[in-house]
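Peer 1: Next comes coords-v1.csv, CSV, C-alpha atoms:
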```csv
chain,number,residue,atom,x,y,z
A,1,MET,CA,-17.5,6.0,-17.2
A,2,ASN,CA,-16.1,9.4,-16.5
A,3,ASP,CA,-14.3,11.0,-13.5
A,4,ASP,CA,-17.6,12.3,-12.0
A,5,GLU,CA,-19.2,8.9,-12.0
A,6,LEU,CA,-16.0,7.4,-10.5
A,7,GLN,CA,-16.1,10.0,-7.8
A,8,GLN,CA,-19.7,9.1,-6.9
A,9,TRP,CA,-18.8,5.4,-7.0
A,10,VAL,CA,-15.9,5.9,-4.6
A,11,GLU,CA,-17.9,8.0,-2.3
A,12,ARG,CA,-20.7,5.3,-2.2
A,13,VAL,CA,-18.3,2.5,-1.6
A,14,SER,CA,-16.6,4.5,1.2
A,15,LEU,CA,-19.9,5.0,3.0
A,16,GLU,CA,-21.2,1.5,2.5
A,17,SER,CA,-18.0,-0.5,3.3
A,18,PHE,CA,-16.2,1.8,5.7
A,19,GLY,CA,-19.0,3.9,7.2
A,20,ARG,CA,-16.9,7.0,6.6
A,21,PRO,CA,-17.1,9.6,3.9
A,22,PHE,CA,-14.5,10.1,1.2
A,23,ILE,CA,-14.1,13.8,0.9
A,24,HIS,CA,-11.2,14.1,-1.5
A,25,LYS,CA,-10.9,13.5,-5.3
A,26,ALA,CA,-11.0,10.3,-7.2
A,27,THR,CA,-9.9,10.2,-10.9
A,28,PHE,CA,-9.0,7.8,-13.7
A,29,ASN,CA,-5.4,7.7,-14.9
A,30,GLY,CA,-4.9,6.0,-18.2
A,31,ARG,CA,-1.1,5.7,-17.6
A,32,LEU,CA,-1.6,3.1,-14.8
A,33,LYS,CA,-1.0,-0.3,-16.4
A,34,ALA,CA,1.0,-2.3,-14.0
A,35,THR,CA,-1.1,-1.2,-11.0
A,36,GLY,CA,-4.8,-1.0,-10.4
A,37,GLY,CA,-4.8,2.3,-8.5
A,38,ARG,CA,-2.8,4.5,-6.2
A,39,TYR,CA,-3.3,6.7,-3.1
A,40,PHE,CA,-1.5,10.0,-2.6
A,41,THR,CA,-0.6,10.6,1.0
A,42,LYS,CA,0.0,14.4,0.6
A,43,SER,CA,-3.3,15.2,-1.3
A,44,HIS,CA,-5.3,12.2,-0.1
A,45,ASN,CA,-6.5,11.8,-3.7
A,46,ILE,CA,-7.0,8.4,-5.4
A,47,GLU,CA,-6.3,7.4,-9.0
A,48,ILE,CA,-7.8,4.3,-10.6
A,49,SER,CA,-6.7,2.6,-13.8
A,50,PRO,CA,-9.5,2.6,-16.5
A,51,HIS,CA,-7.8,-0.4,-18.1
A,52,GLN,CA,-8.7,-2.6,-15.1
A,53,LEU,CA,-12.4,-1.5,-15.5
A,54,GLU,CA,-12.3,-2.3,-19.2
A,55,ALA,CA,-10.6,-5.6,-18.9
A,56,PHE,CA,-12.2,-7.1,-15.7
A,57,GLY,CA,-15.4,-5.1,-15.1
A,58,GLU,CA,-16.9,-3.3,-12.1
A,59,GLU,CA,-16.5,-6.1,-9.5
A,60,GLU,CA,-12.7,-6.2,-9.8
A,61,THR,CA,-12.5,-2.4,-10.0
A,62,GLU,CA,-14.6,-2.1,-6.8
A,63,LYS,CA,-12.0,-4.4,-5.1
A,64,ILE,CA,-9.3,-2.0,-6.2
A,65,ILE,CA,-11.3,1.0,-5.0
A,66,LYS,CA,-11.7,-0.7,-1.6
A,67,HIS,CA,-7.9,-1.3,-1.5
A,68,GLU,CA,-7.2,2.4,-2.1
A,69,LEU,CA,-9.8,3.4,0.4
A,70,CYS,CA,-8.1,1.2,3.0
A,71,HIS,CA,-5.0,3.3,2.5
A,72,TYR,CA,-7.0,6.5,2.6
A,73,HIS,CA,-9.0,5.9,5.8
A,74,LEU,CA,-6.1,4.3,7.8
A,75,HIS,CA,-3.9,7.2,6.8
A,76,ILE,CA,-6.5,9.8,7.8
A,77,MET,CA,-6.9,8.0,11.2
A,78,ARG,CA,-3.1,7.9,11.7
A,79,ARG,CA,-3.0,4.1,11.7
A,80,GLY,CA,-0.9,1.6,9.7
A,81,TYR,CA,-1.8,2.3,6.1
A,82,GLN,CA,1.1,0.6,4.3
A,83,HIS,CA,0.8,-2.8,2.7
A,84,ARG,CA,3.0,-4.4,5.4
A,85,ASP,CA,1.0,-3.1,8.3
A,86,GLU,CA,-1.3,-5.3,10.3
A,87,ASP,CA,-4.1,-2.7,10.4
A,88,PHE,CA,-4.1,-2.5,6.6
A,89,LYS,CA,-4.2,-6.3,6.1
A,90,LYS,CA,-7.1,-6.7,8.6
A,91,LEU,CA,-9.2,-3.8,7.2
A,92,LEU,CA,-8.6,-5.0,3.6
A,93,ALA,CA,-9.8,-8.6,4.5
A,94,TYR,CA,-12.8,-7.1,6.4
A,95,VAL,CA,-14.1,-5.0,3.5
A,96,GLY,CA,-13.2,-7.6,0.8
A,97,GLY,CA,-10.7,-5.6,-1.2
A,98,SER,CA,-8.1,-7.2,-3.4
A,99,ARG,CA,-4.5,-7.3,-2.2
A,100,TYR,CA,-3.2,-7.4,-5.8
A,101,CYS,CA,-4.9,-6.4,-9.1
A,102,LYS,CA,-5.1,-8.8,-12.0
A,103,THR,CA,-2.5,-8.5,-14.8
A,104,LEU,CA,-3.9,-6.8,-17.9
A,105,PRO,CA,-4.1,-9.2,-20.9
A,106,GLU,CA,-1.8,-7.1,-23.1
A,107,ARG,CA,0.9,-7.2,-20.4
A,108,ALA,CA,0.4,-10.9,-19.6
A,109,ALA,CA,0.9,-11.8,-23.3
A,110,LYS,CA,4.2,-10.0,-23.5
A,111,ALA,CA,7.1,-12.5,-23.5
A,112,PRO,CA,10.0,-11.8,-21.1
A,113,ALA,CA,13.2,-10.6,-22.7
A,114,PRO,CA,15.6,-13.4,-23.6
A,115,TYR,CA,19.0,-13.6,-21.9
A,116,LYS,CA,21.6,-11.9,-24.0
A,117,TYR,CA,24.7,-12.5,-21.9
A,118,LYS,CA,26.2,-15.0,-19.6
A,119,LEU,CA,28.7,-14.5,-16.8
A,120,VAL,CA,30.9,-17.6,-16.7
A,121,CYS,CA,33.2,-18.6,-13.8
A,122,ARG,CA,36.8,-19.3,-14.9
A,123,SER,CA,37.4,-21.8,-12.1
A,124,CYS,CA,34.3,-24.0,-11.9
A,125,GLY,CA,32.4,-23.0,-15.1
A,126,THR,CA,29.2,-22.0,-13.4
A,127,GLU,CA,27.0,-19.8,-15.7
A,128,TYR,CA,24.9,-16.9,-14.6
A,129,PRO,CA,22.5,-15.7,-17.4
A,130,ARG,CA,22.0,-11.9,-17.6
A,131,LYS,CA,19.7,-9.7,-19.7
A,132,ARG,CA,22.0,-6.7,-19.5
A,133,ARG,CA,25.7,-6.2,-20.2
A,134,LEU,CA,27.7,-5.6,-17.1
A,135,ASP,CA,31.3,-5.4,-15.9
A,136,PRO,CA,32.4,-9.0,-14.8
A,137,ALA,CA,35.4,-7.5,-12.8
A,138,ARG,CA,32.9,-6.2,-10.2
A,139,TYR,CA,31.5,-9.7,-9.4
A,140,ALA,CA,32.8,-13.1,-8.2
A,141,CYS,CA,31.4,-16.6,-8.5
A,142,GLY,CA,28.8,-17.4,-5.9
A,143,LYS,CA,30.1,-21.0,-5.5
A,144,CYS,CA,33.9,-20.8,-5.5
A,145,ARG,CA,34.5,-17.0,-5.4
A,146,GLY,CA,36.4,-17.3,-8.8
A,147,LYS,CA,36.8,-14.6,-11.4
A,148,LEU,CA,34.0,-14.2,-14.0
A,149,PHE,CA,34.1,-13.4,-17.7
A,150,LEU,CA,31.3,-12.1,-20.0
A,151,LYS,CA,30.1,-14.2,-22.9
A,152,ASN,CA,27.2,-13.6,-25.4
A,153,ALA,CA,24.4,-16.1,-25.0
```
If you took the structure in this file and wrote it as structure tokens, what would it be?

Peer 2:
Amino acid sequence: MNDDELQQWVERVSLESFGRPFIHKATFNGRLKATGGRYFTKSHNIEISPHQLEAFGEEETEKIIKHELCHYHLHIMRRGYQHRDEDFKKLLAYVGGSRYCKTLPERAAKAPAPYKYKLVCRSCGTEYPRKRRLDPARYACGKCRGKLFLKNA
């Protein structure tokens, strides 16, 4: 599917689900991997991840399109278009859009980074695992307020 076909698809979904036209631009963005799509408030354009279409098909991608169109139409109407707004939540439920996109298989298979460091309390011995190195002098123990030292895990 190319950008022209996506544009037609978004325009069709907008008319069918919202009863309002989508008069801006919809494109694919291959760099979107952690998110299914995004809406730009300044230009009113929408970008959709082609990876979601490849991995999960048209049904899930249409839910993402509906999500982005909720942002679009609510913003145009000067109503609550952000995720936390009640207007957004109600409209999203009404049109059947997805609140969150599914995680791509290549991202889900990636193991989380192991803990390389531990902050250890000198007083009570409580350990705080950390992935990054940091300055223990800037922190205190959450249990006893004692001094911490850094240790390799």

Peer 1: With distances taken over only C-alpha atoms, which residue among A:Lys151, A:Lys42, A:Lys33, A:Arg138 lies nearest Lys116 of chain A?

Peer 2: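 Ranking A:Lys151, A:Lys42, A:Lys33, A:Arg138 by distance to Lys116 of chain A, first place goes to A:Lys151.
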
Peer 1: Check the smallest atom-to-atom distance from each of A:Ser14, A:Asn2, A:Lys131, A:Tyr100 to His73 of chain A using all atoms listed in the file, then report the winner.

Peer 2: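 Checking each of A:Ser14, A:Asn2, A:Lys131, A:Tyr100 against His73 of chain A, counting all atoms listed in the file, the winner is A:Ser14.
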
Peer 1: How many Å separate atom CA of Asp135 of chain A from atom CA of Leu150 of chain A?

Peer 2: 7.9 Å

Peer 1: Which of these, A:Gln52, A:Val95, A:Gly125, A:Asn45, has the shortest distance to Gly19 of chain A once you count only C-alpha atoms?

Peer 2: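 Going through A:Gln52, A:Val95, A:Gly125, A:Asn45 one by one, the smallest distance to Gly19 of chain A is for A:Val95.
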
Peer 1: To one decimal place, how far is atom CA of Arg130 of chain A from atom CA of Tyr115 of chain A in Å?

Peer 2: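 So the two atoms, atom CA of Arg130 of chain A and atom CA of Tyr115 of chain A, lie 5.5 Å apart.
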
Peer 1: With distances taken over all atoms listed in the file, which of A:Cys101, A:Cys124, A:Lys143, A:Glu62 is nearest to Glu16 of chain A?

Peer 2: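 Ranking A:Cys101, A:Cys124, A:Lys143, A:Glu62 by distance to Glu16 of chain A, first place goes to A:Glu62.
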
Peer 1: Select, from A:His83, A:His71, A:Arg132, A:Arg20, the residue with the minimum atom-to-atom distance to Phe40 of chain A, counting only C-alpha atoms.

Peer 2: A:His71

Peer 1: If I take atom CA of Gln8 of chain A and atom CA of Ala26 of chain A, how far is one from the other in Å, to one decimal?

Peer 2: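 Calculated distance between atom CA of Gln8 of chain A and atom CA of Ala26 of chain A is 8.8 Å.
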
Peer 1: For Lys102 of chain A, find every residue with an atom within 12 Å (counting all atoms listed in the file), except residues of its own chain fewer than 2 positions away, and show them as number ranges by chain.

Peer 2: A: 33-37, 49, 51-53, 55-57, 59-61, 63-64, 98-100, 104-108

Peer 1: If we count only C-alpha atoms and set the cut-off at 6 Å, which residues sit around Val120 of chain A, ignoring sequence neighbours fewer than 2 positions away in its own chain? Please answer as a list in words.

Peer 2: Gly125, Thr126, Glu127, Leu148 and Phe149 of chain A

Peer 1: Here is a test: counting only C-alpha atoms, which residue of A:Ile48, A:Glu58, A:Arg31, A:Ile23 is nearest to Tyr72 of chain A?

Peer 2: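 That would be A:Ile23, the residue with the smallest distance to Tyr72 of chain A.
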
Peer 1: Please list as a list in words every residue within 10 Å of Leu69 of chain A, counting only C-alpha atoms and excluding residues in the same chain fewer than 4 positions away.

Peer 2: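 Residues meeting the cut-off are Val10, Glu11, Val13, Ser14, Ser17, Phe18, Phe22, Arg38, Tyr39, His44, Asn45, Ile46, Lys63, Ile64, Ile65, His73, Leu74, His75, Tyr81, Leu91, Leu92, Val95 and Gly97 of chain A.
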
Peer 1: Select segment 8-39 of chain A in the preceding structure and write N, CA, C and O atoms to a file as a PDB file, in the first residue's frame.

Peer 2:
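Generated output (selection23.pdb):
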```pdb
ATOM      1  N   GLN A   8      -6.730   7.777   0.721  1.00  0.00           N
ATOM      2  CA  GLN A   8      -8.118   7.424   0.386  1.00  0.00           C
ATOM      3  C   GLN A   8      -8.766   6.634   1.526  1.00  0.00           C
ATOM      4  O   GLN A   8      -9.946   6.837   1.844  1.00  0.00           O
ATOM      5  N   TRP A   9      -8.011   5.736   2.116  1.00  0.00           N
ATOM      6  CA  TRP A   9      -8.509   4.922   3.217  1.00  0.00           C
ATOM      7  C   TRP A   9      -8.893   5.807   4.409  1.00  0.00           C
ATOM      8  O   TRP A   9      -9.967   5.668   4.993  1.00  0.00           O
ATOM      9  N   VAL A  10      -8.008   6.748   4.773  1.00  0.00           N
ATOM     10  CA  VAL A  10      -8.271   7.638   5.899  1.00  0.00           C
ATOM     11  C   VAL A  10      -9.482   8.519   5.602  1.00  0.00           C
ATOM     12  O   VAL A  10     -10.343   8.716   6.477  1.00  0.00           O
ATOM     13  N   GLU A  11      -9.583   9.024   4.377  1.00  0.00           N
ATOM     14  CA  GLU A  11     -10.737   9.843   4.007  1.00  0.00           C
ATOM     15  C   GLU A  11     -12.032   9.050   4.095  1.00  0.00           C
ATOM     16  O   GLU A  11     -13.051   9.551   4.582  1.00  0.00           O
ATOM     17  N   ARG A  12     -12.012   7.787   3.663  1.00  0.00           N
ATOM     18  CA  ARG A  12     -13.201   6.922   3.717  1.00  0.00           C
ATOM     19  C   ARG A  12     -13.602   6.631   5.158  1.00  0.00           C
ATOM     20  O   ARG A  12     -14.771   6.748   5.528  1.00  0.00           O
ATOM     21  N   VAL A  13     -12.614   6.278   6.002  1.00  0.00           N
ATOM     22  CA  VAL A  13     -12.898   5.984   7.411  1.00  0.00           C
ATOM     23  C   VAL A  13     -13.439   7.224   8.107  1.00  0.00           C
ATOM     24  O   VAL A  13     -14.369   7.135   8.933  1.00  0.00           O
ATOM     25  N   SER A  14     -12.912   8.380   7.773  1.00  0.00           N
ATOM     26  CA  SER A  14     -13.368   9.626   8.382  1.00  0.00           C
ATOM     27  C   SER A  14     -14.838   9.881   8.066  1.00  0.00           C
ATOM     28  O   SER A  14     -15.624  10.230   8.957  1.00  0.00           O
ATOM     29  N   LEU A  15     -15.218   9.705   6.811  1.00  0.00           N
ATOM     30  CA  LEU A  15     -16.613   9.926   6.427  1.00  0.00           C
ATOM     31  C   LEU A  15     -17.542   8.875   7.026  1.00  0.00           C
ATOM     32  O   LEU A  15     -18.622   9.195   7.518  1.00  0.00           O
ATOM     33  N   GLU A  16     -17.128   7.603   7.000  1.00  0.00           N
ATOM     34  CA  GLU A  16     -17.976   6.518   7.489  1.00  0.00           C
ATOM     35  C   GLU A  16     -18.134   6.548   9.005  1.00  0.00           C
ATOM     36  O   GLU A  16     -19.234   6.366   9.523  1.00  0.00           O
ATOM     37  N   SER A  17     -17.050   6.738   9.736  1.00  0.00           N
ATOM     38  CA  SER A  17     -17.082   6.631  11.197  1.00  0.00           C
ATOM     39  C   SER A  17     -17.405   7.950  11.897  1.00  0.00           C
ATOM     40  O   SER A  17     -17.982   7.944  12.976  1.00  0.00           O
ATOM     41  N   PHE A  18     -16.993   9.073  11.304  1.00  0.00           N
ATOM     42  CA  PHE A  18     -17.147  10.359  11.967  1.00  0.00           C
ATOM     43  C   PHE A  18     -18.175  11.266  11.289  1.00  0.00           C
ATOM     44  O   PHE A  18     -18.590  12.260  11.864  1.00  0.00           O
ATOM     45  N   GLY A  19     -18.517  10.926  10.039  1.00  0.00           N
ATOM     46  CA  GLY A  19     -19.455  11.759   9.298  1.00  0.00           C
ATOM     47  C   GLY A  19     -18.888  13.118   8.931  1.00  0.00           C
ATOM     48  O   GLY A  19     -19.630  14.047   8.625  1.00  0.00           O
ATOM     49  N   ARG A  20     -17.562  13.236   8.955  1.00  0.00           N
ATOM     50  CA  ARG A  20     -16.878  14.492   8.642  1.00  0.00           C
ATOM     51  C   ARG A  20     -15.708  14.179   7.704  1.00  0.00           C
ATOM     52  O   ARG A  20     -15.087  13.131   7.831  1.00  0.00           O
ATOM     53  N   PRO A  21     -15.384  15.106   6.810  1.00  0.00           N
ATOM     54  CA  PRO A  21     -14.281  14.838   5.874  1.00  0.00           C
ATOM     55  C   PRO A  21     -12.912  15.052   6.528  1.00  0.00           C
ATOM     56  O   PRO A  21     -12.755  15.872   7.427  1.00  0.00           O
ATOM     57  N   PHE A  22     -11.945  14.312   6.036  1.00  0.00           N
ATOM     58  CA  PHE A  22     -10.545  14.520   6.402  1.00  0.00           C
ATOM     59  C   PHE A  22      -9.923  15.262   5.231  1.00  0.00           C
ATOM     60  O   PHE A  22      -9.803  14.708   4.130  1.00  0.00           O
ATOM     61  N   ILE A  23      -9.532  16.517   5.421  1.00  0.00           N
ATOM     62  CA  ILE A  23      -9.083  17.347   4.299  1.00  0.00           C
ATOM     63  C   ILE A  23      -7.585  17.633   4.330  1.00  0.00           C
ATOM     64  O   ILE A  23      -7.101  18.459   3.572  1.00  0.00           O
ATOM     65  N   HIS A  24      -6.857  16.941   5.206  1.00  0.00           N
ATOM     66  CA  HIS A  24      -5.412  17.143   5.280  1.00  0.00           C
ATOM     67  C   HIS A  24      -4.694  15.928   4.725  1.00  0.00           C
ATOM     68  O   HIS A  24      -5.276  15.154   3.970  1.00  0.00           O
ATOM     69  N   LYS A  25      -3.446  15.737   5.093  1.00  0.00           N
ATOM     70  CA  LYS A  25      -2.623  14.708   4.467  1.00  0.00           C
ATOM     71  C   LYS A  25      -2.344  13.547   5.424  1.00  0.00           C
ATOM     72  O   LYS A  25      -2.020  13.766   6.592  1.00  0.00           O
ATOM     73  N   ALA A  26      -2.447  12.340   4.911  1.00  0.00           N
ATOM     74  CA  ALA A  26      -2.100  11.130   5.658  1.00  0.00           C
ATOM     75  C   ALA A  26      -0.990  10.404   4.909  1.00  0.00           C
ATOM     76  O   ALA A  26      -1.089  10.197   3.695  1.00  0.00           O
ATOM     77  N   THR A  27       0.084  10.044   5.648  1.00  0.00           N
ATOM     78  CA  THR A  27       1.216   9.363   5.026  1.00  0.00           C
ATOM     79  C   THR A  27       1.718   8.238   5.925  1.00  0.00           C
ATOM     80  O   THR A  27       1.414   8.207   7.119  1.00  0.00           O
ATOM     81  N   PHE A  28       2.478   7.347   5.338  1.00  0.00           N
ATOM     82  CA  PHE A  28       3.172   6.319   6.102  1.00  0.00           C
ATOM     83  C   PHE A  28       4.510   6.885   6.568  1.00  0.00           C
ATOM     84  O   PHE A  28       5.137   7.675   5.863  1.00  0.00           O
ATOM     85  N   ASN A  29       4.953   6.455   7.755  1.00  0.00           N
ATOM     86  CA  ASN A  29       6.275   6.822   8.259  1.00  0.00           C
ATOM     87  C   ASN A  29       6.921   5.555   8.802  1.00  0.00           C
ATOM     88  O   ASN A  29       6.528   5.049   9.846  1.00  0.00           O
ATOM     89  N   GLY A  30       7.907   5.048   8.084  1.00  0.00           N
ATOM     90  CA  GLY A  30       8.576   3.804   8.453  1.00  0.00           C
ATOM     91  C   GLY A  30       9.408   3.882   9.718  1.00  0.00           C
ATOM     92  O   GLY A  30       9.820   2.861  10.255  1.00  0.00           O
ATOM     93  N   ARG A  31       9.655   5.094  10.213  1.00  0.00           N
ATOM     94  CA  ARG A  31      10.438   5.228  11.447  1.00  0.00           C
ATOM     95  C   ARG A  31       9.596   4.982  12.695  1.00  0.00           C
ATOM     96  O   ARG A  31      10.143   4.828  13.778  1.00  0.00           O
ATOM     97  N   LEU A  32       8.273   4.984  12.557  1.00  0.00           N
ATOM     98  CA  LEU A  32       7.397   4.760  13.713  1.00  0.00           C
ATOM     99  C   LEU A  32       7.391   3.269  14.056  1.00  0.00           C
ATOM    100  O   LEU A  32       6.865   2.461  13.305  1.00  0.00           O
ATOM    101  N   LYS A  33       7.987   2.936  15.194  1.00  0.00           N
ATOM    102  CA  LYS A  33       8.034   1.529  15.602  1.00  0.00           C
ATOM    103  C   LYS A  33       7.409   1.321  16.967  1.00  0.00           C
ATOM    104  O   LYS A  33       6.821   0.285  17.235  1.00  0.00           O
ATOM    105  N   ALA A  34       7.515   2.290  17.849  1.00  0.00           N
ATOM    106  CA  ALA A  34       6.963   2.159  19.195  1.00  0.00           C
ATOM    107  C   ALA A  34       5.531   2.681  19.256  1.00  0.00           C
ATOM    108  O   ALA A  34       4.843   2.481  20.245  1.00  0.00           O
ATOM    109  N   THR A  35       5.094   3.344  18.193  1.00  0.00           N
ATOM    110  CA  THR A  35       3.744   3.897  18.160  1.00  0.00           C
ATOM    111  C   THR A  35       3.093   3.543  16.828  1.00  0.00           C
ATOM    112  O   THR A  35       3.774   3.317  15.839  1.00  0.00           O
ATOM    113  N   GLY A  36       1.768   3.476  16.826  1.00  0.00           N
ATOM    114  CA  GLY A  36       1.049   3.101  15.607  1.00  0.00           C
ATOM    115  C   GLY A  36       0.848   4.264  14.660  1.00  0.00           C
ATOM    116  O   GLY A  36       0.724   4.078  13.460  1.00  0.00           O
ATOM    117  N   GLY A  37       0.781   5.469  15.212  1.00  0.00           N
ATOM    118  CA  GLY A  37       0.570   6.638  14.375  1.00  0.00           C
ATOM    119  C   GLY A  37       0.717   7.894  15.197  1.00  0.00           C
ATOM    120  O   GLY A  37       0.890   7.834  16.416  1.00  0.00           O
ATOM    121  N   ARG A  38       0.632   9.030  14.519  1.00  0.00           N
ATOM    122  CA  ARG A  38       0.668  10.295  15.245  1.00  0.00           C
ATOM    123  C   ARG A  38      -0.061  11.372  14.458  1.00  0.00           C
ATOM    124  O   ARG A  38      -0.166  11.317  13.239  1.00  0.00           O
ATOM    125  N   TYR A  39      -0.584  12.330  15.232  1.00  0.00           N
ATOM    126  CA  TYR A  39      -1.323  13.461  14.685  1.00  0.00           C
ATOM    127  C   TYR A  39      -0.552  14.734  14.996  1.00  0.00           C
ATOM    128  O   TYR A  39      -0.093  14.919  16.122  1.00  0.00           O
TER     129      TYR A  39
END
```
